[in-house]
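These notes are about the structure you will find just below.
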Number of protein chains: 4
Amino acid sequence: MELAKTYSEAREKAFAAEGRGYPGAALVRMILEPGFRHARDRLLPHIRAINEAHLVMLAEQGIVSREDARRIFQAIDAVRDEDYRAKNYTGAFEDLYFEMEDEIIRRTDGVGGNLHLARSRNDMCVAWAHMEVRGEILSLLERLAAFQNTVRLFAVEHRETLYVIHTHTQHAQPGLLGHYFLGMADVVDRNARRLQRAYRAANVSPMGAAAVTTSGFPVSRARVAELAGFDAVIENAYDAIGNCDYLTETAAALGLCALDLGRVVTDLVVWATDEMRMIRVADGYISTSSIMPQKRNPIALEHLRSSLSLVKGLADAVQTGYVKSPYGDISDWEDVEGTLGAAFDRLDQCVQLFDAVLATLDVDRALLAQRARESFSVVTEIADEMVRSYRIPFRKAHHFVARLVRLADERQYNLLAVSREFFAEAYETVFGEPFAFDFEPIRRAMDPDHFVACREATGGTGPNAMAAMIAGAERKVAENAAWLDQARRALSDADIQRKAAVRGIMG
Amino acid sequence: MELAKTYSEAREKAFAAEGRGYPGAALVRMILEPGFRHARDRLLPHIRAINEAHLVMLAEQGIVSREDARRIFQAIDAVRDEDYRAKNYTGAFEDLYFEMEDEIIRRTDGVGGNLHLARSRNDMCVAWAHMEVRGEILSLLERLAAFQNTVRLFAVEHRETLYVIHTHTQHAQPGLLGHYFLGMADVVDRNARRLQRAYRAANVSPMGAAAVTTSGFPVSRARVAELAGFDAVIENAYDAIGNCDYLTETAAALGLCALDLGRVVTDLVVWATDEMRMIRVADGYISTSSIMPQKRNPIALEHLRSSLSLVKGLADAVQTGYVKSPYGDISDWEDVEGTLGAAFDRLDQCVQLFDAVLATLDVDRALLAQRARESFSVVTEIADEMVRSYRIPFRKAHHFVARLVRLADERQYNLLAVSREFFAEAYETVFGEPFAFDFEPIRRAMDPDHFVACREATGGTGPNAMAAMIAGAERKVAENAAWLDQARRALSDADIQRKAAVRGIMG
Amino acid sequence: MELAKTYSEAREKAFAAEGRGYPGAALVRMILEPGFRHARDRLLPHIRAINEAHLVMLAEQGIVSREDARRIFQAIDAVRDEDYRAKNYTGAFEDLYFEMEDEIIRRTDGVGGNLHLARSRNDMCVAWAHMEVRGEILSLLERLAAFQNTVRLFAVEHRETLYVIHTHTQHAQPGLLGHYFLGMADVVDRNARRLQRAYRAANVSPMGAAAVTTSGFPVSRARVAELAGFDAVIENAYDAIGNCDYLTETAAALGLCALDLGRVVTDLVVWATDEMRMIRVADGYISTSSIMPQKRNPIALEHLRSSLSLVKGLADAVQTGYVKSPYGDISDWEDVEGTLGAAFDRLDQCVQLFDAVLATLDVDRALLAQRARESFSVVTEIADEMVRSYRIPFRKAHHFVARLVRLADERQYNLLAVSREFFAEAYETVFGEPFAFDFEPIRRAMDPDHFVACREATGGTGPNAMAAMIAGAERKVAENAAWLDQARRALSDADIQRKAAVRGIMG
Amino acid sequence: MELAKTYSEAREKAFAAEGRGYPGAALVRMILEPGFRHARDRLLPHIRAINEAHLVMLAEQGIVSREDARRIFQAIDAVRDEDYRAKNYTGAFEDLYFEMEDEIIRRTDGVGGNLHLARSRNDMCVAWAHMEVRGEILSLLERLAAFQNTVRLFAVEHRETLYVIHTHTQHAQPGLLGHYFLGMADVVDRNARRLQRAYRAANVSPMGAAAVTTSGFPVSRARVAELAGFDAVIENAYDAIGNCDYLTETAAALGLCALDLGRVVTDLVVWATDEMRMIRVADGYISTSSIMPQKRNPIALEHLRSSLSLVKGLADAVQTGYVKSPYGDISDWEDVEGTLGAAFDRLDQCVQLFDAVLATLDVDRALLAQRARESFSVVTEIADEMVRSYRIPFRKAHHFVARLVRLADERQYNLLAVSREFFAEAYETVFGEPFAFDFEPIRRAMDPDHFVACREATGGTGPNAMAAMIAGAERKVAENAAWLDQARRALSDADIQRKAAVRGIMG
């Protein structure tokens, strides 16, 4: 390769390639051109909303005269987003906003310059970034609400589907598939609420901070916030720029959501193995092999497993970008916002895919029930029953049951083969005295249906406990849906209020 | 090195070194022995509280007879934590808890085995882990409240300390040091509230989940939760074990706190450079050089910078530990809890050190004020004032001011050298007509004291805006302190209530 | 929002939205459509090379007849990459490769199906991924070599530029700016070599692994590897698919590179502050303010700071994606490769920008020299000289110098004010006897030029030590450039050899 | 809680709690006291070696007279590590080293102060840290070599153990368990070599850099490096302090090792499930349940899964600690080295545990073979054989086999039930003509033993391919063991050489 021999040669080559003035080509490639595209593709509605909200406030506070405000509003109206959506970075303006402002100023013979009174690029750009993040959170919450509903309905569908729960990879106890998925519904619910809190942290307005000290003009920061749909103002003006919660707390909530969903996927991947066959992923989400028709590769689950981990990594990357950044620094969000957006997009796709997989998932109920009836996963209950019915002390009962299972194992009995005779024989072996109790309680305790039905403590598998959780799951979905409706309405109310205020000024 | 030649040789060597039975030596080293020490050093109060709360409930529900309960309570009382605090792992028992339980059973001729009715190691161990985390959060919140108070008082102390704010490493505008630190107080406040939310997520009870389905006995999970100081029950029994928010949301909140504090430290390190000399770190936190007495290495700030990043990393490590862990798995917390504890400890030390550094920090007010008076950081206000007083359009005013500064630069004038004559000369040069306005508004606009005083918008540097933020800062500290008091009181109330219930049963 | 009321409703909605057959719409959106675009935009040359190399081998080994091979080569030739570059995902084929293969089969009346003999999608797709990564590494290494050269030339340019080195933010010793940047050149060099090692880890062939056990046909894996430009074969067929070093070791090397470059940027940002003014970033990379012409925001450095941290995070995300992935799993690279590509792209942009900033950076040599002459950073040498010339024991000499500096400080002397008289006075004060030595050695020791010149130990600032490092820096750049040339040549040689082999078969 | 009301109250409280002088109590707690313990427990041999190596060099270069050197060596000898191993931080000295130096100076009437000529705390402390890291790498490499040997022997043990390979969680092809573990042996091998490279990066000497510019004395940096066992000098003196590869590249290699081992563990956990029962973890590493003797919880695998992820996180935390640290900064290693040590310790424990688990692992060979004989995982070979023996085109053969499997599925046949008759029937159904070929090739192709045996391509499951890999695996273990022996010998040779040089001076 060709390398410069002297520093002056390197310098001249650099100036030749980069240009001598602002902006150098490398800066354009890394920051300005991608920034232009981002503004063009994502920020135009935010730019418009902030311009309108700020100008309404300037007019109401008498900082800009009504007449000037009217002229500027006309220019803002005349500048069409569609035209800017088709533009590319040319270098003629530093960024898309300056290109728009230039048109506004030209259309108003310079009066439009007053639109920028009492604000700066700091608060304005950071405000757009907040608005972008709040929109991404709301979209994700919409997906999550739908997903939470699917999880809940799947749980209801399987409220009586008996299966053997694994703990530590081993058969542990009979359970209900719906019970597992009610747990998962709560996982989704907690993540939704965490993202709602991130929304509250993100939906606050930096506007009016100007650079970092506010302005000498009598601005109303609260009014701009209200008209732009923010829940509140970030009070301290230095903090208004420096506060990075809208990026980092959001990223953390996103990462935790990916982490939590990925844990469930880890279970499902194992459940889908040839040996487990607990679930059958629908045709749309498995890849087959042209020569092995019985091979059903659940690639959707595998991609969820991997992509959800990746989302965790992307969310962490946003935070790593801010490690040791100065407080109050104002450029770093430009570097990380694309990665936050990528994390949102991928998580959104994951939630959609997971939702579709679950909505179309088949379960082999008969096989699951059979395993539950054959396995010794009920033995906890046998021991408990001996305490209750025979008044045998707990440790003794447990000791006996352990021996019982070992004896069964030696004869290769499964649970169904444990008769009164066999039980009595074991009893006599262990306790050295004949079995003189009613066997019925034991027979019942050996029934996995009984096992799950008798667990009526809060959160258990008993029918009442399940009914309570099912009711709760429905309520939680409804609450999250209502939260979303309220948040969306607040934003559209702010739009309406702002448009009305503009009309009020326009007369 | 000596390596086995055959698999059977390797196998024999392994059995020889590890033993043939449970537990193998390598498992002891990695898990069981550290787990024993952790239990001994941190968990004894939690073990006692859970034992008592559970047994009270068993007795109240009639699952264990009053008489049996009395015997077991006596044994629990007789088992002294001090004795266990001196123990080491011997291998005779799987863990410390089983060693205690064995003593309880021995002291009660076997009746003590009923203490374990309707619970399992799952819910019990996870409950201890929750209690440990809640304690760590409370301790950190206590440090943070004290720190937030110091930040606020430092801000009050410097509510009138004029300085030049940097943006993008360059002099930008006059500001008040107290204004910056009021922003920082809000940063601390947001982190405290985030940790309070993590506390609410962590202070929930898994007790009664037993393995993962609750129990066939008529337990009251709510009662155990109440008596152990939990705010609520984790309803779904599968989720009670699987929910990892108490670790992961807590870790995320911890990491964000470290990230946020580290950003302020980044500023302070630069402020401490020989060239900036904005702050002077107290003797206790600088290392000197025996031969360069003027050299004051602010090593406390440097260590804060590095350690806070490390804490972010440790908090992330806890989450990485859970990536793709199965939902409902019950061992992983054992692997990560030490790292979460290390993150808490280091952050606690960082907050203490930061608190001490700030409480003893000197500021060269005269130097800072001088820089503010000499720099051109006020120019935004000059242009604004020309709009206000001379009705010169905004863009024109700014254009003029830019020229003014360039002219001053050519003559190597600082701001103090800008007289009416010089201003008028520049005016005539730019506008082509004599300067016919009153100079007084400009003179005032050039005063950095005026600059900060006139910024009375919400969150600005004006005296009323500052007073409002100072009042707010005081209120927020008080709220956080009150929150803490309430949380602590809730825990001690639960202790009192539990002890009373025990006494009630003991008669 | 509208939510399904029952599971069957949810299921029907899912099938309606997603379709019943493979592939479901959500899978298309997340995986198949992006995968198609990736293949179209990046993989076409790799697909062609692997097809050719594999088919040459099949023919040479007699697995496919020469005649069939000729027909298939004609079809491969007839299938034009340009046509596929214009395609979009339609769903008619699972992916772009199958679409191409279908065309090949059609053009050969089915014979083309034999192209897939003794290979599978596993080894083929993973081979493409390896080739993509090796190309990305080479591109980055090319940027790094150019950058390393710029750093070295900058160092040469400033081989005599005196400045005061900071340690712990404080003035420590006189140094040479070129010395610092020779250190930085070594940092870049180490990263280049780490990436070369990653290249060696990545440029190995999985071809012939087929699924995971190779094939019953007598394939030559070495031949395919050779013809596709790989350095070697990944021997074990299971490992050929499972080995993720090409992704994870590459990501780690990338992350370390970003970390290392970011540390230098941290210094430069501080050096650019108004108070330090050690460096002046060229116009192309600073943003100015229309009203504060003296304000030169070095935004290029700020974006480098933030983006390099982000690259570290992105590189980590690739690794997080693989945490707890099964060994031998074959889908996960699809999920993470886009993020690895994003990390490469951003780091490439960062290196270009950093290169341009450095190639055009101005240094205020006079100011730096002046600071070095005025500061007491030489005092180490004074004490050393007293040991050497006056035979005063080390500790005593140091003790004296400390007092000397303190005295100077009291009189507000800088170093230039330390005369023989003042020195003698201090000497008498400290030692209680008149100063009876020759002052010349001390005067010389007080000269920062002497300070740097006398440090002739390996790696020091003396002219010979500097010359040795400068020669070394030139040699290292040349070595890295030669490495690159060799690697590029090996790839083009493989292309030539493969084309020749194809021609040989075509006759 | 009690909070200060005013800043002066906060200040007074801080001084009261922290002391007014250096060091403040919070700094002691976070840095100085832990640093003292670290030095006491880990660094004493390094301190001694560096002292000796440096002093030999000073004497050889004539910087310190032979006589002075002799006195200092006597004092170094008299200062006993055992005494310091029992010390605790008192505050009387800044750190343990200064306490030792003080004793040396006292024992030599001040002459010992010359031991510190031409060095500084920078190069000395960083040298110790390098030595600590190199020792940790060697220890880990020793564990890994033993583990690699166990993996290889396990593979040899199972070189003929037939099993069904899963891909995408589904039965894919017959394989050999030894084949999988030979792949794993290569994974371990690559990690060992990566750590060897990290060792080369870490085992370089900063000594002689003094602060950052070397010294005016005619030191020989190469000689000190040689006597302290370093492979080379870090040439540039600034870089000698700033280079963080010994921490960060080491951490990256560690993290990749944990990641890679964790992937294998993910497989093994699934293999251990009740449904798979492919492996049976030995009694030492499973926890049983007192009442379910058949329940064998493979907790060792579960802890490996989680702890290996944690190690990845800890290794990343070390790197996060250095994000945006200044280049040349000298304190940050103090903050992160404990975490690096924790990562080494945990990974060391994981490797030991994994080694023990594998050395004692039982495999149900009969069950695995049976599954292989019953499953249709051989079908790829049937189609291939039809191409070879019947000259049926590839796609047609595959189409037929797909139908064959589907027909078998309808009749609930497993592979063993596929007779010549059934095959012929299917053939006629598909091709519309009677089956007129010899069935023997097909019968052979249906044999999983044949399937694995015929795969003789490089890295395949055929006996020759396996033998080649087994030989390679043995060679690689031997190479790594030899590397270790050489590295250890180089260190002990340096010790011997240093001791001889000291004796030479002592006469």
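Each chain of the structure tokens is named A, B, ... in the order shown, its residues numbered from 1; ligands are numbered from 1 in display order.
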
Check stretch 246-399 of chain B with DSSP on the backbone and list each residue it calls alpha helix (DSSP H), as a ChimeraX atom specification. /B:246-271,299-322,332-359,365-374,379-390,394-399

Determine which residues of stretch 169-404 of chain C receive a DSSP assignment of strand (DSSP E), computed from the backbone, and state them as a ChimeraX atom specification. /C:170-176,204-205,232-233,279-280,287-289,292-297,362-363

Surrounding residues of C:Ala4 excluding itself and chain neighbours under 2 positions, 12 Å, only C-alpha atoms, as number ranges by chain: A: 145-154, 359, 474, 477-478; C: 1-2, 6-14

Distance filter 7 Å, only C-alpha atoms, chain B against chain A, as JSON, numbers by chain: {"B": [113, 114, 167, 168, 180, 183, 213, 214, 215, 216, 218, 219, 220, 221, 235, 236, 237, 238, 239, 252, 259, 262, 263, 264, 266, 267, 309, 323, 324, 325, 326, 327, 329, 394, 395, 454, 455, 456, 457, 458, 459, 460, 461]}

The distance between atom CA of C:Phe423 and atom CA of C:Arg373 is 17.0 Å

Separation of atom CA of D:Ala53 from atom CA of D:Ala228 in Å: 6.0 Å

So how many Å separate atom CA of B:Glu33 and atom CA of D:His38, to one decimal? 22.0 Å
